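Trainee: The structure that follows is given in the form of structure tokens.
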Amino acid sequence: MSSTFDTVANIISETCDIPRETIKPESHAIDDLGIDSLDFLDIAFAIDKAFGIKMPLEKWTQEINEGKATTDQYFVLSNLSERIDALVAAKGS
Amino acid sequence: MKLEKFQLIDRVVDFNEADKSIRCEAKVPLESSIFEGHFPGYPLMPGVLLLETMAQTSGWAILMLLKFQRMPFLAAAREAKFRGFVLPGAALDMHAKIVHDGSGFAVAKAEGKLDGKVVCDATIMFRVVEFPNEEIRGSMLELARRNGVPAEMIQ
């Protein structure tokens, strides 16, 4: 998970010009780092490319809007990194 | 081009679904009120309209890939470059390739050529969403027919 987090944190730092040292596993991309939806598209593009996956952002957003999930489950970076690991594992299986 | 309607693509010439690439024709009109201000005595196609022409070229490719079930909206442009003057009457040869099909977004690389030489290029990101209503979808389908989009691509 740590290497996935490092990759994600580096992408966020470079994409949004946020100091790398302020990006922690417990950081919430929206609430703590202030990333807006357009910037998150850039991040999603970079993550998709870096890991060779397609993050299901629309499905996640729908689950949040329907109250079936919280934003923490997808946008706290440790949780996001776990989701990415799962997507990578699913791709390889 | 119908500058007054912001419809900048005249015809879809080729679409390769496997390669996710498209080629379109876009002829700059000889006369337009835009050229009265940009610039008096030296009419030029504005760079922002070349960017829009690249966006519309990419947009047609996304619409066709998605069989007109969803609509792309311009979200961001990166590395837009305008490498040469485009004058009234110029016949632009527009190309775009969808380089990433994400969840709710797509990214294209687009360029415009004159006489084989690239005059503009950019990387463009789109939000891809449900059509807001049937009216806009119907108008896009009608425009697609007028622009020569093959019938099998129009659902």
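Ligands are numbered from 1 in the order shown, chains are lettered A, B, ... in the order of the structure tokens, and residues start at 1 in each chain.
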Residues of chain B within 7 Å of chain A, using only C-alpha atoms, as a list in words?

Mentor: Gly102, Ser103 and Gly104 of chain B

Trainee: Out of chain B, which residues get strand (DSSP E or B) from DSSP, as an MDAnalysis selection string?

Mentor: chainID B and resid 2 7 11:16 21:27 70:82 91:101 105:114 117:130

Trainee: Using only C-alpha atoms, which protein or nucleic acid residues come within 8 Å of Leu51 of chain B? Drop anything in the same chain fewer than 5 positions from it, and give the result as an MDAnalysis selection string.

Mentor: chainID B and resid 80 120:122

Trainee: Compile the contact shell of Ile12 of chain A as a list in words: residues with an atom at most 10 Å away, counting only C-alpha atoms, same-chain residues fewer than 2 positions apart removed.

Mentor: Asp6, Thr7, Val8, Ala9, Asn10, Glu14, Thr15, Cys16, Asp17, Ile18, Pro19, Arg20, Ile23, Ala29, Leu33, Ile35, Asp39, Phe40, Asp42, Ile43, Ala44, Ala46 and Ile47 of chain A

Trainee: Write to file, as an mmCIF file, in the first residue's frame, the residues of the selection just made, with N, CA and C atoms.

Mentor:
```cif
data_model
loop_
_atom_site.group_PDB
_atom_site.id
_atom_site.type_symbol
_atom_site.label_atom_id
_atom_site.label_comp_id
_atom_site.auth_asym_id
_atom_site.auth_seq_id
_atom_site.Cartn_x
_atom_site.Cartn_y
_atom_site.Cartn_z
ATOM 1 N N ASP A 6 2.529 6.446 -2.121
ATOM 2 C CA ASP A 6 3.584 7.380 -2.550
ATOM 3 C C ASP A 6 3.337 7.852 -3.988
ATOM 4 N N THR A 7 2.966 6.915 -4.836
ATOM 5 C CA THR A 7 2.690 7.290 -6.236
ATOM 6 C C THR A 7 1.523 8.265 -6.311
ATOM 7 N N VAL A 8 0.451 7.947 -5.569
ATOM 8 C CA VAL A 8 -0.732 8.819 -5.575
ATOM 9 C C VAL A 8 -0.375 10.198 -5.004
ATOM 10 N N ALA A 9 0.358 10.208 -3.916
ATOM 11 C CA ALA A 9 0.728 11.484 -3.287
ATOM 12 C C ALA A 9 1.594 12.321 -4.231
ATOM 13 N N ASN A 10 2.511 11.661 -4.924
ATOM 14 C CA ASN A 10 3.354 12.402 -5.872
ATOM 15 C C ASN A 10 2.522 12.975 -7.017
ATOM 16 N N GLU A 14 2.189 16.959 -7.787
ATOM 17 C CA GLU A 14 2.576 17.551 -9.073
ATOM 18 C C GLU A 14 1.382 18.163 -9.798
ATOM 19 N N THR A 15 0.251 17.479 -9.723
ATOM 20 C CA THR A 15 -0.919 17.942 -10.472
ATOM 21 C C THR A 15 -1.528 19.199 -9.872
ATOM 22 N N CYS A 16 -1.579 19.238 -8.532
ATOM 23 C CA CYS A 16 -2.282 20.335 -7.854
ATOM 24 C C CYS A 16 -1.343 21.321 -7.180
ATOM 25 N N ASP A 17 -0.043 21.117 -7.362
ATOM 26 C CA ASP A 17 0.942 22.024 -6.769
ATOM 27 C C ASP A 17 0.755 22.116 -5.244
ATOM 28 N N ILE A 18 0.607 20.966 -4.620
ATOM 29 C CA ILE A 18 0.485 20.882 -3.163
ATOM 30 C C ILE A 18 1.802 20.317 -2.625
ATOM 31 N N PRO A 19 2.393 20.945 -1.601
ATOM 32 C CA PRO A 19 3.656 20.422 -1.069
ATOM 33 C C PRO A 19 3.520 18.947 -0.685
ATOM 34 N N ARG A 20 4.466 18.150 -1.157
ATOM 35 C CA ARG A 20 4.378 16.699 -0.948
ATOM 36 C C ARG A 20 4.282 16.335 0.537
ATOM 37 N N ILE A 23 0.878 15.954 2.257
ATOM 38 C CA ILE A 23 -0.052 14.915 1.800
ATOM 39 C C ILE A 23 0.217 13.639 2.589
ATOM 40 N N ALA A 29 -8.836 13.925 0.184
ATOM 41 C CA ALA A 29 -8.484 14.688 -1.021
ATOM 42 C C ALA A 29 -9.296 15.971 -1.146
ATOM 43 N N LEU A 33 -7.254 18.509 1.413
ATOM 44 C CA LEU A 33 -6.330 19.031 0.400
ATOM 45 C C LEU A 33 -7.003 20.042 -0.528
ATOM 46 N N ILE A 35 -8.946 19.645 -3.108
ATOM 47 C CA ILE A 35 -8.934 19.321 -4.537
ATOM 48 C C ILE A 35 -10.361 19.387 -5.079
ATOM 49 N N ASP A 39 -9.757 19.268 -10.920
ATOM 50 C CA ASP A 39 -8.405 18.799 -10.602
ATOM 51 C C ASP A 39 -8.400 17.295 -10.354
ATOM 52 N N PHE A 40 -9.495 16.795 -9.769
ATOM 53 C CA PHE A 40 -9.511 15.355 -9.514
ATOM 54 C C PHE A 40 -9.564 14.560 -10.814
ATOM 55 N N ASP A 42 -7.884 15.376 -13.477
ATOM 56 C CA ASP A 42 -6.470 15.301 -13.854
ATOM 57 C C ASP A 42 -5.758 14.217 -13.056
ATOM 58 N N ILE A 43 -6.075 14.165 -11.756
ATOM 59 C CA ILE A 43 -5.454 13.154 -10.892
ATOM 60 C C ILE A 43 -5.886 11.753 -11.338
ATOM 61 N N ALA A 44 -7.183 11.606 -11.621
ATOM 62 C CA ALA A 44 -7.681 10.297 -12.059
ATOM 63 C C ALA A 44 -7.004 9.868 -13.357
ATOM 64 N N ALA A 46 -4.014 10.709 -14.377
ATOM 65 C CA ALA A 46 -2.630 10.319 -14.066
ATOM 66 C C ALA A 46 -2.588 8.973 -13.342
ATOM 67 N N ILE A 47 -3.528 8.732 -12.427
ATOM 68 C CA ILE A 47 -3.562 7.453 -11.706
ATOM 69 C C ILE A 47 -3.901 6.317 -12.676
#
```

Trainee: Can you list, as a ChimeraX atom specification, every residue of chain A that DSSP puts in alpha helix (DSSP H)?

Mentor: /A:2-16,37-51,57-65,71-75,77-92

Trainee: Which one of B:Ile98, B:Leu8, B:Ala76, B:Ala91 sits closest to Ser37 of chain A if you count only C-alpha atoms?

Mentor: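 Smallest distance to Ser37 of chain A is found for B:Ala76.
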
Trainee: Pick from B:Pro29, B:Trp60, B:Met71, B:Val128: nearest to Asp101 of chain B, with only C-alpha atoms counted?

Mentor: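 Of B:Pro29, B:Trp60, B:Met71, B:Val128, the one nearest Asp101 of chain B, counting only C-alpha atoms, is B:Val128.
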
Trainee: Go through B:Phe39, B:Ile154, B:Thr57, B:Arg127 and flag the residue nearest Glu142 of chain B, using only C-alpha atoms for the distances.

Mentor: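 Among the listed residues, the smallest separation from Glu142 of chain B belongs to B:Ile154.
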
Trainee: How many Å lie between atom CA of Glu111 of chain B and atom CA of Asp93 of chain B, rounded to one decimal?

Mentor: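 Computed distance, atom CA of Glu111 of chain B to atom CA of Asp93 of chain B, equals 8.4 Å.
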
Trainee: Which distance in Å separates atom CA of Arg23 of chain B and atom CA of Pro43 of chain B, to one decimal?

Mentor: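 Here the two named atoms are 26.0 Å from each other.
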
Trainee: Extract, using only C-alpha atoms, all DNA, RNA and protein residues at most 8 Å from Gly89 of chain B, discarding same-chain residues fewer than 5 positions from it, and format them as a list of chain:residue names.

Mentor: B:Lys27, B:Val28, B:Pro29, B:Leu30

Trainee: Point out the residue among A:Ser81, A:Thr61, A:Thr22, A:Thr70 with the least atom-to-atom distance to Phe5 of chain A, counting only C-alpha atoms.

Mentor: A:Ser81

Trainee: Can you pull out every residue within 7 Å of Ala110 of chain B, counting only C-alpha atoms, but drop anything in the same chain fewer than 4 positions away, and send it as a list in words?

Mentor: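 Once the adjacent positions are removed, what remains is Met54, Ser58, His95, Ala96, Lys97, Asp121, Ala122 and Thr123 of chain B.
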
Trainee: Atoms to include: N, CA and C atoms. Write the selected residues as a CSV table (one decimal), in the first residue's frame.

Mentor:
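Listing of part.csv after writing:
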```csv
chain,number,residue,atom,x,y,z
B,54,MET,N,-10.4,22.2,-32.6
B,54,MET,CA,-9.8,20.9,-32.1
B,54,MET,C,-10.7,20.2,-31.1
B,58,SER,N,-12.4,16.5,-31.6
B,58,SER,CA,-12.3,15.4,-30.6
B,58,SER,C,-13.7,15.0,-30.1
B,95,HIS,N,-7.4,16.5,-37.1
B,95,HIS,CA,-7.2,15.2,-36.6
B,95,HIS,C,-7.4,15.1,-35.1
B,96,ALA,N,-7.9,14.0,-34.6
B,96,ALA,CA,-7.9,13.8,-33.1
B,96,ALA,C,-7.9,12.4,-32.9
B,97,LYS,N,-7.3,12.1,-31.7
B,97,LYS,CA,-7.2,10.7,-31.3
B,97,LYS,C,-7.5,10.6,-29.8
B,121,ASP,N,-2.1,22.4,-32.3
B,121,ASP,CA,-2.2,21.1,-31.6
B,121,ASP,C,-2.5,21.3,-30.1
B,122,ALA,N,-3.1,20.4,-29.5
B,122,ALA,CA,-3.4,20.5,-28.1
B,122,ALA,C,-3.8,19.1,-27.5
B,123,THR,N,-3.7,19.0,-26.2
B,123,THR,CA,-4.3,17.9,-25.4
B,123,THR,C,-5.5,18.4,-24.7
```

Trainee: Name all residues at most 12 Å from Pro46 of chain B (count only C-alpha atoms; drop same-chain ones fewer than 3 positions away) and give them as a list of chain:residue names.

Mentor: B:Leu3, B:Val28, B:Ser32, B:Ile34, B:Phe35, B:Glu36, B:Gly37, B:His38, B:Phe39, B:Tyr42, B:Pro43, B:Leu49, B:Leu50, B:Leu51, B:Glu52, B:Thr53, B:Phe82, B:Gly84, B:Phe85, B:Val86, B:Leu87, B:Pro88, B:Cys120
